[in-house]
>>> print(open('my_file-v4.pdb').read())   # PDB, C-alpha atoms
ATOM      1  CA  MET A   1     121.546  96.848 119.320
ATOM      2  CA  ARG A   2     118.791  99.176 120.488
ATOM      3  CA  GLN A   3     115.326  98.299 119.216
ATOM      4  CA  ARG A   4     113.343 101.061 117.545
ATOM      5  CA  PRO A   5     110.030 101.813 119.303
ATOM      6  CA  LEU A   6     106.779 100.966 117.547
ATOM      7  CA  PRO A   7     105.164 103.907 115.795
ATOM      8  CA  GLY A   8     102.533 105.675 117.864
ATOM      9  CA  THR A   9     103.928 104.745 121.276
ATOM     10  CA  SER A  10     104.800 108.363 122.063
ATOM     11  CA  GLY A  11     101.930 109.917 120.134
ATOM     12  CA  ILE A  12      98.823 111.664 121.381
ATOM     13  CA  VAL A  13      95.419 110.280 120.436
ATOM     14  CA  ARG A  14      93.582 113.024 118.579
ATOM     15  CA  THR A  15      89.872 113.564 117.995
ATOM     16  CA  MET A  16      88.510 111.834 114.914
ATOM     17  CA  SER A  17      86.741 113.877 112.235
ATOM     18  CA  LEU A  18      83.397 112.281 111.379
ATOM     19  CA  LEU A  19      81.452 112.157 108.131
ATOM     20  CA  GLY A  20      80.035 115.619 107.457
ATOM     21  CA  ASP A  21      83.097 117.475 108.759
ATOM     22  CA  PRO A  22      84.218 119.774 105.900
ATOM     23  CA  VAL A  23      87.872 118.694 106.271
ATOM     24  CA  LEU A  24      86.885 115.213 105.024
ATOM     25  CA  HIS A  25      85.321 116.635 101.874
ATOM     26  CA  SER A  26      88.161 118.888 100.711
ATOM     27  CA  ALA A  27      91.330 117.917  98.900
ATOM     28  CA  CYS A  28      94.355 118.067 101.194
ATOM     29  CA  ALA A  29      97.347 120.341 100.580
ATOM     30  CA  GLU A  30     100.808 119.093  99.685
ATOM     31  CA  VAL A  31     103.240 118.940 102.589
ATOM     32  CA  THR A  32     105.988 121.511 102.050
ATOM     33  CA  GLU A  33     107.631 121.607 105.478
ATOM     34  CA  PHE A  34     109.462 118.550 106.723
ATOM     35  CA  GLY A  35     110.795 118.282 110.251
ATOM     36  CA  PRO A  36     109.722 117.775 113.861
ATOM     37  CA  ALA A  37     106.134 119.000 113.354
ATOM     38  CA  LEU A  38     105.557 116.470 110.567
ATOM     39  CA  ASP A  39     107.179 113.707 112.629
ATOM     40  CA  ARG A  40     104.873 114.577 115.561
ATOM     41  CA  LEU A  41     101.819 114.533 113.271
ATOM     42  CA  ILE A  42     102.746 111.073 111.969
ATOM     43  CA  GLU A  43     103.349 109.774 115.496
ATOM     44  CA  ASP A  44      99.971 111.149 116.632
ATOM     45  CA  MET A  45      98.292 109.614 113.578
ATOM     46  CA  PHE A  46      99.663 106.170 114.457
ATOM     47  CA  ALA A  47      98.541 106.573 118.088
ATOM     48  CA  THR A  48      95.060 107.638 116.960
ATOM     49  CA  MET A  49      94.776 104.829 114.403
ATOM     50  CA  TYR A  50      95.796 102.191 116.958
ATOM     51  CA  ALA A  51      93.457 103.591 119.620
ATOM     52  CA  ALA A  52      90.566 103.387 117.143
ATOM     53  CA  GLN A  53      91.651  99.892 116.035
ATOM     54  CA  GLY A  54      92.043 100.918 112.403
ATOM     55  CA  VAL A  55      94.392  99.786 109.649
ATOM     56  CA  GLY A  56      94.922 103.189 108.028
ATOM     57  CA  LEU A  57      94.431 106.871 108.809
ATOM     58  CA  ALA A  58      94.661 110.002 106.675
ATOM     59  CA  ALA A  59      95.653 113.335 108.217
ATOM     60  CA  ASN A  60      92.306 114.962 107.424
ATOM     61  CA  GLN A  61      90.607 112.329 109.596
ATOM     62  CA  ILE A  62      92.135 114.137 112.567
ATOM     63  CA  GLY A  63      91.399 117.575 111.157
ATOM     64  CA  VAL A  64      94.734 118.230 109.418
ATOM     65  CA  GLY A  65      94.323 119.042 105.727
ATOM     66  CA  GLN A  66      97.727 117.763 104.613
ATOM     67  CA  ARG A  67      98.609 114.905 102.249
ATOM     68  CA  VAL A  68      99.835 112.288 104.745
ATOM     69  CA  PHE A  69      98.576 108.859 105.707
ATOM     70  CA  VAL A  70      99.736 106.032 107.963
ATOM     71  CA  TYR A  71      98.935 102.337 107.786
ATOM     72  CA  ASP A  72      99.346  99.048 109.637
ATOM     73  CA  CYS A  73      97.493  96.666 107.376
ATOM     74  CA  PRO A  74      97.770  93.028 106.331
ATOM     75  CA  ASP A  75      97.464  91.883 102.763
ATOM     76  CA  ASP A  76      95.519  88.786 101.758
ATOM     77  CA  GLU A  77      98.517  86.570 102.600
ATOM     78  CA  ASP A  78      98.613  87.999 106.166
ATOM     79  CA  VAL A  79     101.836  89.907 105.499
ATOM     80  CA  ARG A  80     101.777  92.990 107.724
ATOM     81  CA  HIS A  81     102.585  96.359 106.124
ATOM     82  CA  VAL A  82     103.417  99.252 108.473
ATOM     83  CA  GLY A  83     104.437 102.731 107.434
ATOM     84  CA  HIS A  84     103.547 106.234 106.382
ATOM     85  CA  ILE A  85     103.623 108.205 103.171
ATOM     86  CA  VAL A  86     103.753 111.957 102.581
ATOM     87  CA  ASN A  87     102.344 113.568  99.418
ATOM     88  CA  PRO A  88     101.136 110.223  98.056
ATOM     89  CA  ARG A  89      99.939 109.722  94.500
ATOM     90  CA  LEU A  90      97.974 106.653  93.479
ATOM     91  CA  VAL A  91      99.954 105.780  90.338
ATOM     92  CA  SER A  92      98.033 102.633  89.515
ATOM     93  CA  ALA A  93      95.006 100.715  90.650
ATOM     94  CA  ASP A  94      94.341  97.700  88.484
ATOM     95  CA  GLY A  95      93.801  93.980  88.331
ATOM     96  CA  ASP A  96      90.474  92.455  89.164
ATOM     97  CA  GLU A  97      87.771  94.661  90.599
ATOM     98  CA  PHE A  98      85.792  93.263  93.473
ATOM     99  CA  VAL A  99      83.225  94.389  95.991
ATOM    100  CA  GLY A 100      84.420  93.858  99.528
ATOM    101  CA  PRO A 101      83.407  95.089 102.960
ATOM    102  CA  GLU A 102      84.885  98.487 103.728
ATOM    103  CA  GLY A 103      84.676 100.590 106.851
ATOM    104  CA  CYS A 104      86.163 103.861 107.975
ATOM    105  CA  LEU A 105      87.178 105.387 111.286
ATOM    106  CA  SER A 106      85.277 108.525 110.234
ATOM    107  CA  LEU A 107      82.077 106.475 109.844
ATOM    108  CA  PRO A 108      82.458 104.453 113.056
ATOM    109  CA  GLY A 109      80.666 101.136 113.323
ATOM    110  CA  LEU A 110      79.503 101.041 109.703
ATOM    111  CA  GLU A 111      80.660  99.209 106.614
ATOM    112  CA  ALA A 112      79.416  98.587 103.104
ATOM    113  CA  GLY A 113      80.454  96.575 100.083
ATOM    114  CA  THR A 114      82.694  98.862  98.035
ATOM    115  CA  LEU A 115      84.172  98.238  94.586
ATOM    116  CA  ARG A 116      87.998  98.400  94.528
ATOM    117  CA  TYR A 117      90.868  97.029  92.465
ATOM    118  CA  ASP A 118      92.923  94.205  93.956
ATOM    119  CA  SER A 119      96.268  95.842  93.162
ATOM    120  CA  ALA A 120      97.497  99.373  93.889
ATOM    121  CA  VAL A 121     100.746 101.330  93.724
ATOM    122  CA  VAL A 122     101.288 104.587  95.617
ATOM    123  CA  GLU A 123     104.335 106.839  95.330
ATOM    124  CA  GLY A 124     105.398 109.693  97.584
ATOM    125  CA  VAL A 125     108.049 110.423 100.179
ATOM    126  CA  THR A 126     108.790 109.586 103.797
ATOM    127  CA  SER A 127     108.877 112.177 106.581
ATOM    128  CA  ASP A 128     112.552 112.788 105.834
ATOM    129  CA  GLY A 129     111.893 113.360 102.115
ATOM    130  CA  ALA A 130     113.123 109.999 100.790
ATOM    131  CA  ALA A 131     111.196 108.698  97.769
ATOM    132  CA  VAL A 132     108.987 105.693  98.479
ATOM    133  CA  ARG A 133     106.881 103.375  96.335
ATOM    134  CA  ILE A 134     104.329 101.134  98.032
ATOM    135  CA  THR A 135     102.739  98.204  96.236
ATOM    136  CA  GLY A 136      99.725  96.479  97.712
ATOM    137  CA  THR A 137      97.462  93.609  96.835
ATOM    138  CA  GLY A 138      94.143  92.429  98.206
ATOM    139  CA  PHE A 139      93.094  94.058 101.472
ATOM    140  CA  PHE A 140      96.244  96.209 101.582
ATOM    141  CA  ALA A 141      95.471  97.518  98.053
ATOM    142  CA  ARG A 142      91.981  98.417  99.337
ATOM    143  CA  CYS A 143      93.583 100.324 102.233
ATOM    144  CA  LEU A 144      95.923 102.270  99.924
ATOM    145  CA  GLN A 145      93.066 103.283  97.618
ATOM    146  CA  HIS A 146      90.861 104.201 100.603
ATOM    147  CA  GLU A 147      93.503 106.495 102.163
ATOM    148  CA  CYS A 148      94.309 108.166  98.829
ATOM    149  CA  ASP A 149      90.576 108.854  98.419
ATOM    150  CA  HIS A 150      90.552 110.564 101.828
ATOM    151  CA  LEU A 151      93.348 112.918 100.801
ATOM    152  CA  ALA A 152      91.380 113.808  97.650
ATOM    153  CA  GLY A 153      88.373 114.742  99.806
ATOM    154  CA  ALA A 154      86.329 111.552  99.389
ATOM    155  CA  VAL A 155      85.129 108.821 101.728
ATOM    156  CA  TYR A 156      84.259 105.249 100.794
ATOM    157  CA  ALA A 157      80.540 106.060 101.103
ATOM    158  CA  ASP A 158      80.973 108.242  97.983
ATOM    159  CA  ARG A 159      81.827 105.083  96.002
ATOM    160  CA  VAL A 160      78.948 102.942  97.237
ATOM    161  CA  THR A 161      76.059 102.684  94.775
ATOM    162  CA  GLY A 162      72.581 101.252  94.425
ATOM    163  CA  LEU A 163      70.964  99.286  97.217
ATOM    164  CA  ARG A 164      74.211  99.293  99.239
ATOM    165  CA  ALA A 165      74.233 103.111  99.144
ATOM    166  CA  ARG A 166      70.629 103.339 100.305
ATOM    167  CA  ARG A 167      71.307 100.917 103.154
ATOM    168  CA  LEU A 168      74.439 102.806 104.164
ATOM    169  CA  ARG A 169      72.622 106.191 104.166
ATOM    170  CA  ARG A 170      69.883 104.660 106.320
ATOM    171  CA  ALA A 171      72.495 103.303 108.765
ATOM    172  CA  ILE A 172      74.269 106.688 108.859
ATOM    173  CA  ARG A 173      71.002 108.464 109.740
ATOM    174  CA  LYS A 174      70.589 106.144 112.745
ATOM    175  CA  THR A 175      73.936 107.175 114.269
ATOM    176  CA  ASP A 176      74.441 110.054 116.700
ATOM    177  CA  TRP A 177      76.584 111.912 114.162
ATOM    178  CA  GLY A 178      74.850 110.886 110.919
ATOM    179  CA  ALA A 179      71.828 113.153 110.627
ATOM    180  CA  ALA A 180      73.979 116.265 110.283
ATOM    181  CA  ALA A 181      76.343 114.480 107.887
ATOM    182  CA  LEU A 182      73.551 113.771 105.372
ATOM    183  CA  ARG A 183      71.961 117.236 105.299
ATOM    184  CA  ASP A 184      74.045 118.327 102.310
TER     185      ASP A 184
END
>>> encode(input="my_file-v4.pdb", output="structure tokens")
Amino acid sequence: MRQRPLPGTSGIVRTMSLLGDPVLHSACAEVTEFGPALDRLIEDMFATMYAAQGVGLAANQIGVGQRVFVYDCPDDEDVRHVGHIVNPRLVSADGDEFVGPEGCLSLPGLEAGTLRYDSAVVEGVTSDGAAVRITGTGFFARCLQHECDHLAGAVYADRVTGLRARRLRRAIRKTDWGAAALRD
């Protein structure tokens, strides 16, 4: 039996959109065309995510304003979850809320304690249009919520409050890309 190649092995690593890029702050459009172009986008997203050593990536993080994200993320029991979802909807986020470290490929090198639920359910479709429901707990639930936020035009820094927010803004200003990102 022929083994299926890992996602991203034939993809092209694309340029990452950084905080301040308008595509990160706008809600993404529903995907309406399924086919080779969508498959190529997903493959490139995996390649880009792996090259950046991330656990999730939304399409707008590579400048594409469509509702798609990919993930390769463990949960708190070290079970690895790998896949993609098109036109996702966060249908539930519940359970205990906790503040945990969160980073983002669009805010490279930074992280801040961010409040998230420890359980999440996302529904959507695969690249071939098949319905899919993804349930995550712990770190994987954090990833699902984080990527859904991206597609709604938000980044984790938008959720950080108080002293953590002030520290994060200060750290952003010290980066090469951060001064322009905070001018708004």
>>> resolve_selection(input="my_file-v4.pdb", expression="the PyMOL selection byres ((chain A and resi 133) around 6)", output="PDB file with C-alpha atoms, keeping the file's coordinate frame")
ATOM      1  CA  VAL A 122     101.288 104.587  95.617  1.00  0.00           C
ATOM      2  CA  GLU A 123     104.335 106.839  95.330  1.00  0.00           C
ATOM      3  CA  VAL A 132     108.987 105.693  98.479  1.00  0.00           C
ATOM      4  CA  ILE A 134     104.329 101.134  98.032  1.00  0.00           C
TER       5      ILE A 134
END
>>> closest_residue(input="my_file-v4.pdb", among="A:Ile172, A:Leu41, A:Ile12, A:Ala120", to="Arg89 (chain A)", atoms="all atoms listed in the file")
A:Ala120
>>> atom_distance(input="my_file-v4.pdb", atom1="CA of Pro7 (chain A)", atom2="CA of Leu24 (chain A)")
24.0 Å
>>> closest_atom_pairs(input="my_file-v4.pdb", of="region 42-154 of chain A", to="region 158-169 of chain A", cutoff="8 Å", atoms="only C-alpha atoms", output="CSV")
residue,atom,partner,partner_atom,distance
A:Leu110,CA,A:Leu168,CA,7.7
A:Glu111,CA,A:Leu168,CA,7.6
A:Ala112,CA,A:Arg164,CA,6.5
A:Gly113,CA,A:Arg164,CA,6.9
A:Thr114,CA,A:Val160,CA,5.6
A:Leu115,CA,A:Arg159,CA,7.4
A:Ala154,CA,A:Asp158,CA,6.5
>>> resolve_selection(input="my_file-v4.pdb", expression="the PyMOL selection byres ((chain A and resi 99) around 9)", output="list in words")
Glu97, Phe98, Gly100, Pro101, Glu102, Gly113, Thr114, Leu115, Arg116 and Tyr117 of chain A
>>> resolve_selection(input="my_file-v4.pdb", expression="the PyMOL selection byres ((chain A and resi 56) around 7)", output="list in words")
Met49, Gly54, Val55, Leu57, Ala58, Val70, Tyr71, Asp72, Cys143 and Glu147 of chain A
>>> atom_distance(input="my_file-v4.pdb", atom1="CA of Arg170 (chain A)", atom2="CA of Met16 (chain A)")
21.7 Å
>>> closest_residue(input="my_file-v4.pdb", among="A:Ala27, A:Ile85, A:Cys73, A:Leu105", to="Thr48 (chain A)", atoms="all atoms listed in the file")
A:Leu105
>>> closest_residue(input="my_file-v4.pdb", among="A:Ala152, A:Ser127, A:Pro108, A:Ala93", to="Lys174 (chain A)", atoms="all atoms listed in the file")
A:Pro108
>>> closest_residue(input="my_file-v4.pdb", among="A:Gly35, A:Gly8, A:Gly83, A:Gly20", to="Asp128 (chain A)", atoms="only C-alpha atoms")
A:Gly35
>>> closest_residue(input="my_file-v4.pdb", among="A:Ala157, A:Ala47, A:Cys28, A:Val13", to="Asn60 (chain A)", atoms="all atoms listed in the file")
A:Cys28
>>> closest_residue(input="my_file-v4.pdb", among="A:Asp176, A:Asp39, A:Asp94, A:Asp76", to="Gln145 (chain A)", atoms="only C-alpha atoms")
A:Asp94
>>> residues_around(input="my_file-v4.pdb", residues="Glu43 (chain A)", least_positions_apart="3", cutoff="6 Å", atoms="all atoms listed in the file", output="ChimeraX atom specification")
/A:8,11,40,46
>>> write_last_selection(input="my_file-v4.pdb", atoms="C-alpha atoms", output="mmCIF file, in the frame of the given file")
data_model
loop_
_atom_site.group_PDB
_atom_site.id
_atom_site.type_symbol
_atom_site.label_atom_id
_atom_site.label_comp_id
_atom_site.auth_asym_id
_atom_site.auth_seq_id
_atom_site.Cartn_x
_atom_site.Cartn_y
_atom_site.Cartn_z
ATOM 1 C CA GLY A 8 102.533 105.675 117.864
ATOM 2 C CA GLY A 11 101.930 109.917 120.134
ATOM 3 C CA ARG A 40 104.873 114.577 115.561
ATOM 4 C CA PHE A 46 99.663 106.170 114.457
#
